[in-house]
Structures are given as structure tokens and as C-alpha cells.
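K.L.:
My structure file final-v1.cif, mmCIF, C-alpha atoms, is below:
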data_start
loop_
_atom_site.label_atom_id
_atom_site.label_comp_id
_atom_site.auth_asym_id
_atom_site.auth_seq_id
_atom_site.Cartn_x
_atom_site.Cartn_y
_atom_site.Cartn_z
CA MET A 296 -31.07 -51.91 0.54
CA GLY A 297 -27.72 -52.03 -1.11
CA PHE A 298 -24.63 -49.97 -0.91
CA PRO A 299 -24.45 -47.02 -1.57
CA PRO A 300 -27.67 -45.84 0.14
CA HIS A 301 -30.42 -44.22 -1.90
CA GLY A 302 -28.95 -45.53 -5.12
CA ARG A 303 -26.42 -42.70 -5.39
CA SER A 304 -22.98 -43.33 -6.75
CA HIS A 305 -20.35 -43.50 -4.05
CA LYS A 306 -17.86 -41.95 -6.46
CA ARG A 307 -19.80 -38.68 -6.78
CA PRO A 308 -21.97 -38.03 -3.72
CA TRP A 309 -22.73 -34.51 -4.98
CA LYS A 310 -24.27 -35.82 -8.21
CA HIS A 311 -27.80 -34.91 -7.07
CA LEU A 312 -26.74 -31.28 -6.58
CA ASN A 313 -26.64 -28.91 -9.52
CA PHE A 314 -25.46 -25.36 -10.03
CA ALA A 315 -29.00 -23.94 -10.19
CA SER A 316 -29.87 -25.37 -6.77
CA PHE A 317 -26.67 -23.84 -5.42
CA LEU A 318 -27.63 -20.42 -6.79
CA LEU A 319 -31.10 -20.64 -5.25
CA GLN A 320 -29.73 -21.15 -1.73
CA PRO A 321 -30.19 -18.08 0.50
CA LEU A 322 -27.03 -16.07 1.04
CA ASP A 323 -25.64 -15.82 4.54
CA TYR A 324 -24.97 -12.08 4.64
CA GLY A 325 -23.66 -12.29 8.19
CA PHE A 326 -20.91 -14.62 7.02
CA ILE A 327 -20.10 -12.36 4.06
CA LEU A 328 -19.98 -9.25 6.25
CA MET A 329 -17.78 -11.03 8.78
CA GLY A 330 -15.36 -11.93 5.98
CA LEU A 331 -15.32 -8.35 4.72
CA GLU A 332 -14.74 -7.06 8.24
CA ARG A 333 -11.82 -9.44 8.70
CA GLN A 334 -10.36 -8.35 5.38
CA LEU A 335 -10.64 -4.68 6.36
CA LEU A 336 -9.02 -5.36 9.73
CA MET A 337 -6.19 -7.26 8.06
CA GLN A 338 -5.61 -4.46 5.54
CA ASN A 339 -5.55 -1.89 8.33
CA GLN A 340 -3.05 -3.95 10.34
CA MET A 341 -0.84 -4.29 7.25
CA ARG A 342 -1.01 -0.52 6.70
CA GLU A 343 -0.11 0.14 10.33
CA ARG A 344 2.84 -2.26 10.13
CA GLN A 345 4.09 -0.63 6.94
CA MET A 346 3.85 2.82 8.54
CA ALA A 347 5.68 1.57 11.65
CA MET A 348 8.44 0.16 9.43
CA GLN A 349 8.69 3.49 7.58
CA ILE A 350 9.01 5.43 10.85
CA ALA A 351 11.56 2.92 12.18
CA TRP A 352 13.56 3.21 8.95
CA THR A 353 13.51 7.00 9.22
CA ARG A 354 14.73 6.89 12.81
CA GLU A 355 17.52 4.49 11.91
CA PHE A 356 18.53 6.63 8.93
CA LEU A 357 18.51 9.68 11.20
CA LYS A 358 21.11 8.08 13.47
CA TYR A 359 23.54 7.52 10.62
CA PHE A 360 22.82 10.83 8.93
CA GLY A 361 23.20 12.66 12.27
CA ILE A 362 26.67 11.18 12.70
CA PHE A 363 27.55 12.14 9.13
CA PHE A 364 26.17 15.66 9.67
CA GLY A 365 28.17 16.10 12.87
CA LEU A 366 31.41 14.92 11.25
CA ALA A 367 30.79 17.09 8.20
CA ALA A 368 30.08 20.12 10.40
CA VAL A 369 33.32 19.62 12.36
CA GLY A 370 35.36 18.96 9.22
CA LEU A 371 33.92 21.88 7.25
CA THR A 372 34.31 24.24 10.21
CA ALA A 373 37.94 23.22 10.67
CA GLY A 374 38.57 23.59 6.93
CA ALA A 375 36.87 26.98 6.79
CA ILE A 376 38.90 28.29 9.75
CA LYS A 377 42.19 26.80 8.55
CA ASN A 378 41.85 27.96 4.93
CA LYS A 379 39.96 31.17 5.77
CA LYS A 380 37.25 30.26 3.23
CA PRO A 381 33.74 30.74 4.64
CA GLY A 382 32.36 29.17 1.44
CA LEU A 383 33.13 25.77 2.93
CA PHE A 384 30.08 26.24 5.17
CA LEU A 385 27.72 26.23 2.17
CA PRO A 386 27.18 22.42 2.09
CA MET A 387 25.84 22.67 5.64
CA VAL A 388 22.72 24.53 4.44
CA PRO A 389 21.14 21.69 2.40
CA LEU A 390 22.44 19.09 4.85
CA SER A 391 20.70 20.88 7.71
CA PHE A 392 17.40 20.85 5.77
CA VAL A 393 17.72 17.09 5.22
CA LEU A 394 18.52 16.57 8.90
CA ALA A 395 15.54 18.70 10.00
CA TYR A 396 13.18 16.83 7.65
CA GLN A 397 14.36 13.42 8.83
CA TYR A 398 14.03 14.45 12.47
CA ASP A 399 10.54 15.81 11.88
CA MET A 400 9.56 12.58 10.12
CA GLY A 401 10.98 10.29 12.80
CA TYR A 402 10.24 12.18 16.01
CA GLY A 403 8.24 15.28 15.13
CA THR A 404 4.75 16.05 13.93
CA LEU A 405 5.26 15.65 10.20
CA LEU A 406 3.03 12.56 9.96
CA GLN A 407 0.19 14.30 11.83
CA ARG A 408 0.47 17.34 9.54
CA MET A 409 0.50 15.10 6.47
CA LYS A 410 -2.57 13.24 7.75
CA GLY A 411 -4.39 16.52 8.33
CA GLU A 412 -3.53 17.76 4.85
CA ALA A 413 -4.67 14.44 3.32
CA GLU A 414 -7.99 14.70 5.18
CA HIS A 415 -8.38 18.28 3.92
CA ILE A 416 -7.78 17.15 0.34
CA LEU A 417 -10.28 14.31 0.70
CA ASP A 418 -12.89 16.68 2.15
CA THR A 419 -12.51 19.79 -0.02
CA GLU A 420 -10.38 18.99 -3.07
CA ASN A 421 -11.53 15.52 -4.01
CA THR A 422 -11.66 16.45 -7.71
CA LEU A 423 -7.85 16.25 -7.65
CA LEU A 424 -8.17 12.54 -6.92
CA GLU A 425 -10.16 11.61 -10.01
CA MET A 426 -8.52 9.27 -12.47
CA PRO A 427 -7.71 10.56 -15.94
CA LYS A 428 -10.49 9.42 -18.31
CA GLY A 429 -12.59 8.38 -15.31
CA ALA A 430 -12.65 5.20 -13.25
CA LEU A 431 -11.57 1.90 -14.73
CA THR A 432 -14.35 -0.30 -16.07
CA PHE A 433 -14.45 -3.92 -17.01
CA GLU A 434 -15.05 -2.97 -20.63
CA SER A 435 -11.99 -0.69 -20.79
CA LEU A 436 -9.81 -3.40 -19.23
CA GLU A 437 -11.10 -6.00 -21.68
CA LYS A 438 -10.51 -3.63 -24.60
CA ALA A 439 -6.91 -3.05 -23.47
CA ARG A 440 -6.39 -6.77 -22.90
CA ARG A 441 -7.69 -7.64 -26.38
CA ALA A 442 -5.52 -4.94 -27.97
CA GLN A 443 -2.47 -6.22 -26.11
CA SER A 444 -3.16 -9.86 -27.03
CA LYS A 445 -3.54 -8.86 -30.71
CA PHE A 446 -0.23 -7.02 -30.46
CA PHE A 447 1.57 -10.11 -29.18
CA ILE A 448 -0.13 -12.44 -31.66
CA GLU A 449 0.80 -10.28 -34.66
CA LYS A 450 4.51 -10.23 -33.83
#
Translate this structure into C-alpha cells?

P.N.:
Amino acid sequence: MGFPPHGRSHKRPWKHLNFASFLLQPLDYGFILMGLERQLLMQNQMRERQMAMQIAWTREFLKYFGIFFGLAAVGLTAGAIKNKKPGLFLPMVPLSFVLAYQYDMGYGTLLQRMKGEAEHILDTENTLLEMPKGALTFESLEKARRAQSKFFIEK
């Protein structure tokens, strides 16, 4: 018995395998489901990290905006008293709304209220979520791709 064993080429040990035999092998659904579960867990962890970063950014922004708001309130109050112009208080109205929103986002219940509203929309108003002209299909993507490639070839 010579080398390589069984008369197979040592350069291509997979030569005896073909694509049809690969397709006829039973699928390991447990392995596929485990991969899907891992992918879902990873996507959820990425979403949670992105939300945590958004909340942290809001809290950091609130610190700087709070300082700005305080300085603006003191400066506008002093200017209004000194010049006897109560109109100088007007910029405080929109600034106070921005401050309240940022506080609610960073430390309040805004995210819980938004989550509740999103769940309500998903449960009762899901027609608002439909894509214009329906869901994307492979055929519509191919049609758009062919049209775009013709556009670039013609120019």
C-alpha cells in the first residue's frame, strides 16, 4: 500500500466529496438555533450599550447645559433689573423647556414613557409601520440594481 492511502491525492483530500453529498447531509438544527440565539443576544447587548451611551451623553450634556442655564438666568435677571426691561426674561422660556426635556431624558421617566408608547403603536397601530409600496423583495432590489448599473454604464 503506497502513499497516500486509498489512492487519493494528497494535494486534495476532499476530492472524493462533492457538493451534492454535502447538500444531502442532515442539518444540525440545534447548531443553527444556537447560532441564531447568540446573534440575538449579541444584538440585544449592542442595543443596550447604545442606549446606555445615549443616556450617559444626555446626562453629560445636562451638566453643561445646566451651568449655561444658571449663568443665563443670573445674567438675564441682572440685565432685566438693571435696564428695567422684563422682556429680557423671554429667552428663559425655551431654555427652561430644553432643560426640563434633558433632565427627563437623563434622570426622569421619559424613556419608560417612550417605551410604553412604542409598545402601544406596535400593538394597536401597526399599520403605521408598513413600508411604502410594501416590504422589500429580492426582485425589487435586483430591478433597482440593474437600473442603477445601466445608469452608470450609459454615462

K.L.:
What does the distance between atom CA of A:Phe356 and atom CA of A:Ser391 come to in Å, to one decimal place?

P.N.:
14.5 Å

K.L.:
What separation in Å, quoted to one decimal, exists between atom CA of A:Phe364 and atom CA of A:Leu390?

P.N.:
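Distance between the two atoms: 7.0 Å.
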
K.L.:
Using the chain letters and numbers from the file, give me the residues hit by the PyMOL selection byres ((chain A and resi 401-416) around 12), as a list in words.

P.N.:
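Taken over the shown coordinates, the PyMOL selection byres ((chain A and resi 401-416) around 12) returns Met346, Ala347, Met348, Gln349, Ile350, Ala351, Trp352, Thr353, Arg354, Glu355, Phe356, Leu357, Lys358, Leu394, Ala395, Tyr396, Gln397, Tyr398, Asp399, Met400, Leu417, Asp418, Thr419, Glu420, Asn421, Thr422, Leu423, Leu424 and Glu425 of chain A.
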
K.L.:
Work out how far apart atom CA of A:Met341 and atom CA of A:Thr432 are and give it in Å to one decimal.

P.N.:
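So the two atoms, atom CA of A:Met341 and atom CA of A:Thr432, lie 27.2 Å apart.
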